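Asker: Input file: start-v6.csv. Contents: CSV, C-alpha atoms and all ligand atoms.
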chain,number,residue,atom,x,y,z
N,1,MET,CA,-46.0,-2.8,10.9
N,2,ILE,CA,-43.2,-4.6,9.0
N,3,PRO,CA,-41.3,-2.0,7.0
N,4,SER,CA,-41.5,-2.5,3.2
N,5,ILE,CA,-38.5,-3.7,1.4
N,6,TYR,CA,-38.1,-0.3,-0.3
N,7,THR,CA,-38.2,1.4,3.1
N,8,LYS,CA,-35.3,-0.9,4.2
N,9,ILE,CA,-33.3,-0.1,1.1
N,10,HIS,CA,-34.0,3.6,1.5
N,11,VAL,CA,-33.1,3.7,5.2
N,12,ALA,CA,-29.9,1.8,4.6
N,13,LYS,CA,-28.9,4.3,1.9
N,14,LYS,CA,-29.7,7.3,4.2
N,15,LYS,CA,-27.5,5.7,6.9
N,16,GLN,CA,-24.8,5.1,4.2
N,17,GLN,CA,-24.9,1.4,5.0
N,18,PRO,CA,-24.2,-0.5,1.8
N,19,GLN,CA,-26.2,-3.7,1.3
N,20,LEU,CA,-25.3,-7.0,-0.4
N,21,ALA,CA,-27.7,-8.9,-2.6
N,22,VAL,CA,-26.9,-12.5,-3.6
N,23,LEU,CA,-28.3,-13.3,-7.0
N,24,ILE,CA,-29.7,-16.8,-7.3
N,25,ASP,CA,-30.3,-18.1,-10.8
N,26,PRO,CA,-32.8,-20.9,-10.4
N,27,ASP,CA,-31.1,-23.0,-13.1
N,28,LYS,CA,-27.9,-23.0,-10.9
N,29,PHE,CA,-29.5,-23.3,-7.5
N,30,ASN,CA,-27.1,-24.4,-4.7
N,31,LEU,CA,-28.6,-24.9,-1.2
N,32,GLN,CA,-25.1,-24.6,0.3
N,33,LEU,CA,-25.0,-20.9,-0.8
N,34,ILE,CA,-28.3,-20.3,1.1
N,35,HIS,CA,-26.9,-21.8,4.3
N,36,LEU,CA,-23.7,-19.7,3.9
N,37,ALA,CA,-25.7,-16.5,3.3
N,38,ASN,CA,-27.6,-17.2,6.6
N,39,GLN,CA,-24.3,-16.9,8.4
N,40,CYS,CA,-23.2,-13.7,6.6
N,41,ARG,CA,-24.3,-10.2,6.2
N,42,VAL,CA,-26.5,-10.7,3.2
N,43,SER,CA,-29.4,-8.2,3.0
N,44,TYR,CA,-31.4,-9.8,0.1
N,45,PHE,CA,-31.6,-12.7,-2.3
N,46,PHE,CA,-32.4,-11.6,-5.8
N,47,VAL,CA,-34.0,-14.4,-7.7
N,48,GLY,CA,-34.3,-14.5,-11.5
N,49,GLY,CA,-32.6,-15.3,-14.8
N,50,SER,CA,-32.9,-14.3,-18.4
N,51,THR,CA,-34.0,-17.6,-19.8
N,52,LEU,CA,-35.9,-19.9,-17.4
N,53,ALA,CA,-38.6,-22.6,-17.5
N,54,LYS,CA,-42.1,-21.5,-16.4
N,55,GLY,CA,-42.5,-21.9,-12.6
N,56,ALA,CA,-38.7,-22.1,-11.9
N,57,VAL,CA,-38.6,-18.9,-9.9
N,58,HIS,CA,-41.6,-19.8,-7.8
N,59,GLN,CA,-40.1,-23.2,-7.0
N,60,VAL,CA,-36.8,-21.8,-6.0
N,61,VAL,CA,-38.4,-19.0,-3.9
N,62,SER,CA,-40.4,-21.7,-2.0
N,63,THR,CA,-37.3,-23.7,-1.4
N,64,ILE,CA,-35.3,-20.7,-0.1
N,65,LYS,CA,-38.1,-19.8,2.2
N,66,LYS,CA,-37.8,-23.2,3.9
N,67,HIS,CA,-34.2,-22.5,4.7
N,68,SER,CA,-33.8,-18.8,5.2
N,69,ASN,CA,-35.4,-15.6,6.6
N,70,ILE,CA,-33.4,-13.3,4.3
N,71,PRO,CA,-35.9,-11.3,2.2
N,72,ILE,CA,-36.3,-12.3,-1.4
N,73,ILE,CA,-36.6,-9.8,-4.2
N,74,ILE,CA,-37.5,-11.1,-7.6
N,75,PHE,CA,-35.2,-9.8,-10.3
N,76,PRO,CA,-37.3,-10.9,-13.3
N,77,GLY,CA,-36.0,-12.0,-16.7
N,78,ASP,CA,-39.6,-11.8,-18.0
N,79,GLU,CA,-43.2,-11.2,-16.9
N,80,THR,CA,-43.8,-14.8,-15.9
N,81,GLN,CA,-41.0,-14.8,-13.2
N,82,LEU,CA,-43.1,-14.0,-10.2
N,83,SER,CA,-43.9,-15.6,-6.8
N,84,ALA,CA,-46.3,-14.6,-4.1
N,85,LYS,CA,-43.8,-16.0,-1.6
N,86,ALA,CA,-41.2,-13.4,-2.3
N,87,GLU,CA,-41.1,-10.1,-0.5
N,88,ALA,CA,-40.9,-7.8,-3.5
N,89,VAL,CA,-40.1,-7.5,-7.2
N,90,LEU,CA,-37.8,-5.1,-8.9
N,91,PHE,CA,-40.2,-3.8,-11.5
N,92,LEU,CA,-37.7,-3.1,-14.2
N,93,SER,CA,-37.8,-0.9,-17.2
N,94,LEU,CA,-34.8,-1.1,-19.5
N,95,LEU,CA,-34.0,2.6,-19.9
N,96,SER,CA,-30.7,2.0,-21.7
N,97,GLY,CA,-32.5,0.5,-24.7
N,98,ARG,CA,-35.2,1.7,-27.0
N,99,ASN,CA,-37.1,-1.6,-27.3
N,100,PRO,CA,-40.7,-0.7,-26.3
N,101,GLU,CA,-41.4,-4.3,-25.1
N,102,TYR,CA,-38.8,-3.9,-22.4
N,103,LEU,CA,-39.5,-0.3,-21.7
N,104,ILE,CA,-43.3,-0.8,-21.0
N,105,GLY,CA,-44.7,-3.8,-22.9
N,106,LYS,CA,-43.7,-6.5,-20.5
N,107,GLN,CA,-44.6,-4.3,-17.6
N,108,VAL,CA,-48.2,-3.9,-18.8
N,109,GLN,CA,-48.5,-7.7,-18.9
N,110,ALA,CA,-46.9,-8.2,-15.5
N,111,ALA,CA,-48.7,-5.4,-13.6
N,112,PRO,CA,-52.1,-7.2,-13.1
N,113,LEU,CA,-50.3,-10.4,-11.9
N,114,ILE,CA,-48.2,-8.4,-9.4
N,115,LYS,CA,-51.3,-6.7,-8.1
N,116,LYS,CA,-53.2,-10.0,-7.8
N,117,ILE,CA,-50.5,-11.7,-5.7
N,118,LYS,CA,-49.9,-8.5,-3.7
N,119,LEU,CA,-46.2,-8.3,-4.3
N,120,GLU,CA,-44.4,-5.1,-3.4
N,121,SER,CA,-43.2,-3.6,-6.6
N,122,ILE,CA,-40.0,-1.4,-6.7
N,123,ALA,CA,-39.9,0.7,-9.8
N,124,THR,CA,-36.3,0.2,-11.1
N,125,ALA,CA,-34.6,1.9,-13.9
N,126,TYR,CA,-32.5,-0.8,-15.5
N,127,ILE,CA,-29.4,0.6,-17.3
N,128,LEU,CA,-27.2,-1.8,-19.2
N,129,VAL,CA,-23.6,-0.6,-19.2
N,130,GLU,CA,-20.8,-1.9,-21.5
N,131,GLY,CA,-19.2,-4.8,-19.7
N,132,LYS,CA,-16.8,-6.0,-22.4
N,133,ASN,CA,-18.8,-9.0,-23.5
N,134,THR,CA,-22.3,-9.5,-24.9
N,135,SER,CA,-24.7,-10.1,-22.0
N,136,ALA,CA,-27.7,-12.3,-22.0
N,137,THR,CA,-29.9,-9.2,-21.5
N,138,GLN,CA,-28.5,-7.7,-24.7
N,139,LYS,CA,-29.3,-10.8,-26.7
N,140,VAL,CA,-32.8,-11.3,-25.2
N,141,THR,CA,-33.8,-7.6,-25.5
N,142,GLY,CA,-32.0,-6.8,-28.8
N,143,THR,CA,-30.6,-3.6,-27.2
N,144,HIS,CA,-27.1,-2.3,-26.8
N,145,PRO,CA,-25.5,-1.2,-23.5
N,146,LEU,CA,-24.5,2.4,-22.9
N,147,LYS,CA,-20.8,3.3,-23.2
N,148,ASN,CA,-20.9,7.0,-22.8
N,149,THR,CA,-20.7,8.2,-19.2
N,150,LYS,CA,-22.7,11.4,-19.9
N,151,GLU,CA,-25.5,9.4,-21.4
N,152,ILE,CA,-25.5,6.9,-18.5
N,153,VAL,CA,-25.6,9.8,-16.0
N,154,HIS,CA,-28.4,11.6,-17.9
N,155,THR,CA,-30.4,8.4,-18.1
N,156,ALA,CA,-30.1,7.9,-14.4
N,157,LEU,CA,-31.2,11.5,-13.8
N,158,ALA,CA,-34.2,11.1,-16.1
N,159,ALA,CA,-35.1,8.0,-14.2
N,160,GLU,CA,-35.2,9.8,-10.9
N,161,MET,CA,-37.2,12.7,-12.5
N,162,LEU,CA,-39.7,10.1,-13.9
N,163,GLY,CA,-40.3,8.8,-10.4
N,164,PHE,CA,-38.3,5.5,-10.4
N,165,LYS,CA,-37.5,4.3,-6.9
N,166,THR,CA,-34.0,2.9,-7.7
N,167,VAL,CA,-31.4,2.8,-10.5
N,168,TYR,CA,-29.7,-0.5,-11.4
N,169,LEU,CA,-26.4,-0.1,-13.3
N,170,GLU,CA,-25.8,-3.5,-14.9
N,171,ALA,CA,-22.6,-4.6,-16.6
N,172,GLY,CA,-24.3,-8.0,-17.4
N,173,SER,CA,-24.1,-11.3,-15.7
N,174,GLY,CA,-20.5,-12.6,-15.8
N,175,ALA,CA,-19.2,-9.4,-17.3
N,176,ARG,CA,-15.5,-9.2,-17.8
N,177,LYS,CA,-15.5,-5.6,-16.6
N,178,SER,CA,-17.9,-4.5,-13.9
N,179,VAL,CA,-19.3,-0.9,-13.9
N,180,SER,CA,-16.4,1.5,-13.4
N,181,THR,CA,-16.0,3.4,-10.2
N,182,SER,CA,-15.8,6.6,-12.2
N,183,ILE,CA,-19.3,6.0,-13.7
N,184,ILE,CA,-20.7,5.2,-10.3
N,185,LYS,CA,-19.2,8.4,-8.8
N,186,GLN,CA,-20.6,10.5,-11.7
N,187,VAL,CA,-24.1,8.9,-11.3
N,188,LYS,CA,-24.0,9.4,-7.6
N,189,LYS,CA,-23.4,13.1,-8.0
N,190,VAL,CA,-26.8,13.6,-9.6
N,191,LEU,CA,-28.8,10.8,-8.0
N,192,ASN,CA,-30.8,10.9,-4.7
N,193,ILE,CA,-32.5,7.5,-5.0
N,194,PRO,CA,-30.7,4.2,-4.1
N,195,LEU,CA,-28.2,2.9,-6.7
N,196,ILE,CA,-27.9,-0.8,-7.3
N,197,VAL,CA,-24.7,-2.1,-9.1
N,198,GLY,CA,-24.1,-5.6,-10.5
N,199,GLY,CA,-22.4,-7.6,-13.1
N,200,GLY,CA,-18.9,-9.2,-13.0
N,201,ILE,CA,-18.2,-8.6,-9.3
N,202,ASP,CA,-15.9,-11.5,-8.5
N,203,SER,CA,-13.8,-10.5,-5.5
N,204,ALA,CA,-14.1,-8.6,-2.2
N,205,ALA,CA,-11.6,-6.0,-3.6
N,206,LYS,CA,-13.9,-5.2,-6.5
N,207,ALA,CA,-16.9,-5.0,-4.2
N,208,GLN,CA,-15.0,-2.7,-1.9
N,209,GLN,CA,-14.2,-0.4,-4.8
N,210,LEU,CA,-17.8,-0.1,-5.9
N,211,ILE,CA,-19.0,0.5,-2.3
N,212,SER,CA,-16.4,3.3,-1.9
N,213,ALA,CA,-17.5,4.8,-5.2
N,214,GLY,CA,-21.1,5.0,-3.8
N,215,ALA,CA,-23.0,1.8,-4.7
N,216,ASP,CA,-25.9,1.4,-2.2
N,217,ILE,CA,-26.6,-2.3,-3.1
N,218,VAL,CA,-24.0,-4.5,-4.6
N,219,VAL,CA,-25.3,-7.6,-6.5
N,220,VAL,CA,-23.1,-10.8,-6.8
N,221,GLY,CA,-24.2,-13.9,-8.7
N,222,ASN,CA,-21.8,-15.7,-11.0
N,223,ALA,CA,-18.8,-15.6,-8.8
N,224,LEU,CA,-20.7,-17.2,-5.9
N,225,GLU,CA,-22.1,-19.9,-8.2
N,226,LYS,CA,-18.5,-20.8,-9.1
N,227,ASN,CA,-17.2,-20.5,-5.5
N,228,PRO,CA,-19.8,-20.0,-2.7
N,229,PHE,CA,-16.9,-19.8,-0.2
N,230,LEU,CA,-16.1,-16.3,-1.5
N,231,LEU,CA,-19.3,-15.1,0.3
N,232,PRO,CA,-17.9,-14.6,3.8
N,233,GLU,CA,-15.1,-12.4,2.6
N,234,ILE,CA,-17.4,-10.2,0.4
N,235,ALA,CA,-20.1,-10.1,3.0
N,236,SER,CA,-17.7,-8.9,5.7
N,237,LEU,CA,-17.5,-5.5,3.8
N,238,PHE,CA,-21.1,-4.7,4.5
N,239,ASN,CA,-23.2,-3.3,7.4
N,240,ARG,CA,-20.6,-0.7,8.1
N,241,LYS,CA,-20.6,2.9,7.0
N,242,LYS,CA,-19.2,3.8,3.6
N,301,LIG,C1,-26.6,-9.9,-13.2
N,301,LIG,O1,-26.0,-8.0,-11.9
N,301,LIG,C2,-26.2,-9.3,-11.8
N,301,LIG,O2,-27.8,-9.5,-13.6
N,301,LIG,C3,-25.1,-10.1,-11.2
N,301,LIG,O3,-24.0,-10.3,-12.1
N,301,LIG,O4,-23.7,-12.8,-12.1
N,301,LIG,O5,-21.9,-11.3,-12.9
N,301,LIG,O6,-22.5,-11.4,-10.5
N,301,LIG,P1,-23.0,-11.5,-11.9
Since I need it in another form, could you write the structure as structure tokens?
Ligand code: 1GP
Answerer:
Amino acid sequence: MIPSIYTKIHVAKKKQQPQLAVLIDPDKFNLQLIHLANQCRVSYFFVGGSTLAKGAVHQVVSTIKKHSNIPIIIFPGDETQLSAKAEAVLFLSLLSGRNPEYLIGKQVQAAPLIKKIKLESIATAYILVEGKNTSATQKVTGTHPLKNTKEIVHTALAAEMLGFKTVYLEAGSGARKSVSTSIIKQVKKVLNIPLIVGGGIDSAAKAQQLISAGADIVVVGNALEKNPFLLPEIASLFNRKK
């Protein structure tokens, strides 16, 4: 049997092998990045965006599938961003905010669609962390990111107790400041489930700091849109023990 995507994530975490996810925004799709990823240690493509035309995700997932065997995990901006051709979806709940639509409303709309297309769903506690500029997620969801480390840690802890499969600490796409190593270390002290970290990671040095602090999956998007040739350097940090 082919192991589920969550099993892969979990096994890599247990082995302390950090994984790299390349975020593809369908609006900024670049086939060159897919070809480069095939030559590097990229564990997953995350596909999604906060404001996309209907069908854009499915179209890009189909195109990537023609050129790569790297598993695709949908990282949805809304309940319409799904594709049966992907391997899994991060089933997000925005736990840093108090907007019921993004805590459970959108999920109720998406659940029957996910079941219908038989997509593996990975329950993910999505925690927006202050990234020094207003992120698209903030604008779309009308919520504020968390600043206080204690609150971030307690939110991650509550997520694990609620049965979430992963926690995603998000500084926001293109954040000027990525999630700090001190926050990652504090969260890791209480967390047993895999930790995903993204937002504003624009160099191998930054990625290395986050890996050393304990991130299990590092997500890079913007920086690779700007310069795909950064990928080999960043990817060379992965598939070794922390
Ligand atoms: C955004 O965490 C991801 O949701 C990746 O962020 O685009 O800044 O790399 P960047």
Asker: Dump as a tab-separated table the rows for residues of chain N within 7 Å of ligand LIG 301 (chain N): closest atom pair and distance in Å with one decimal, only C-alpha atoms and all ligand atoms counted, ordered by chain and rising residue number.
Answerer:
residue	atom	partner	partner_atom	distance
N:Leu23	CA	N:LIG301	C3	6.2
N:Glu170	CA	N:LIG301	O1	5.4
N:Ala171	CA	N:LIG301	O1	6.7
N:Gly172	CA	N:LIG301	C1	5.2
N:Ser173	CA	N:LIG301	O5	3.6
N:Gly174	CA	N:LIG301	O5	3.5
N:Ala175	CA	N:LIG301	O5	5.5
N:Val197	CA	N:LIG301	O1	6.7
N:Gly198	CA	N:LIG301	O1	3.4
N:Gly199	CA	N:LIG301	O3	3.3
N:Gly200	CA	N:LIG301	O5	3.7
N:Ile201	CA	N:LIG301	O6	5.3
N:Asp202	CA	N:LIG301	O6	6.9
N:Val219	CA	N:LIG301	C3	5.3
N:Val220	CA	N:LIG301	O6	3.8
N:Gly221	CA	N:LIG301	O6	3.5
N:Asn222	CA	N:LIG301	O4	3.6
N:Ala223	CA	N:LIG301	O6	5.8
Asker: What's the 9 Å shell around Gln16 of chain N, counting all atoms listed in the file, without same-chain residues fewer than 2 positions away, as a PyMOL selection string?
Answerer: chain N and resi 11-14+18+214+216+240-242
Asker: From the set N:Gln209, N:Thr143, N:Leu95, N:Ser203, which residue has the shortest atom-to-atom contact distance to Thr155 of chain N, counting only C-alpha atoms?
Answerer: N:Leu95
Asker: Using all atoms listed in the file, pick whichever of N:Gly77, N:Gly55, N:Pro71, N:Gly163 has the shortest atom-to-atom distance to Thr124 of chain N.
Answerer: N:Gly163
Asker: Mind pulling up the distance from atom CA of Gly131 of chain N to atom CA of Gln208 of chain N?
Answerer: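 Separation of atom CA of Gln208 of chain N and atom CA of Gly131 of chain N: 18.4 Å.
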Asker: So, counting all atoms listed in the file, which residue among N:Asn30, N:Gln59, N:Gln17, N:Thr149 is closest to Ser43 of chain N?
Answerer: N:Gln17
Asker: What lies within 10 Å of Leu157 of chain N using all atoms listed in the file, ignoring chain neighbours under 3 positions off, as a PDB file with C-alpha atoms, keeping the file's coordinate frame?
Answerer:
ATOM      1  CA  GLU N 151     -25.500   9.400 -21.400  1.00  0.00           C
ATOM      2  CA  ILE N 152     -25.500   6.900 -18.500  1.00  0.00           C
ATOM      3  CA  VAL N 153     -25.600   9.800 -16.000  1.00  0.00           C
ATOM      4  CA  HIS N 154     -28.400  11.600 -17.900  1.00  0.00           C
ATOM      5  CA  GLU N 160     -35.200   9.800 -10.900  1.00  0.00           C
ATOM      6  CA  MET N 161     -37.200  12.700 -12.500  1.00  0.00           C
ATOM      7  CA  LEU N 162     -39.700  10.100 -13.900  1.00  0.00           C
ATOM      8  CA  PHE N 164     -38.300   5.500 -10.400  1.00  0.00           C
ATOM      9  CA  VAL N 167     -31.400   2.800 -10.500  1.00  0.00           C
ATOM     10  CA  VAL N 187     -24.100   8.900 -11.300  1.00  0.00           C
ATOM     11  CA  LYS N 188     -24.000   9.400  -7.600  1.00  0.00           C
ATOM     12  CA  LYS N 189     -23.400  13.100  -8.000  1.00  0.00           C
ATOM     13  CA  VAL N 190     -26.800  13.600  -9.600  1.00  0.00           C
ATOM     14  CA  LEU N 191     -28.800  10.800  -8.000  1.00  0.00           C
ATOM     15  CA  ASN N 192     -30.800  10.900  -4.700  1.00  0.00           C
ATOM     16  CA  ILE N 193     -32.500   7.500  -5.000  1.00  0.00           C
TER      17      ILE N 193
END
Asker: My list of candidates is N:Asn99, N:Gln109, N:Ser135, N:Ser182. Which is closest to Ala215 of chain N when distances are computed with all atoms listed in the file?
Answerer: N:Ser182
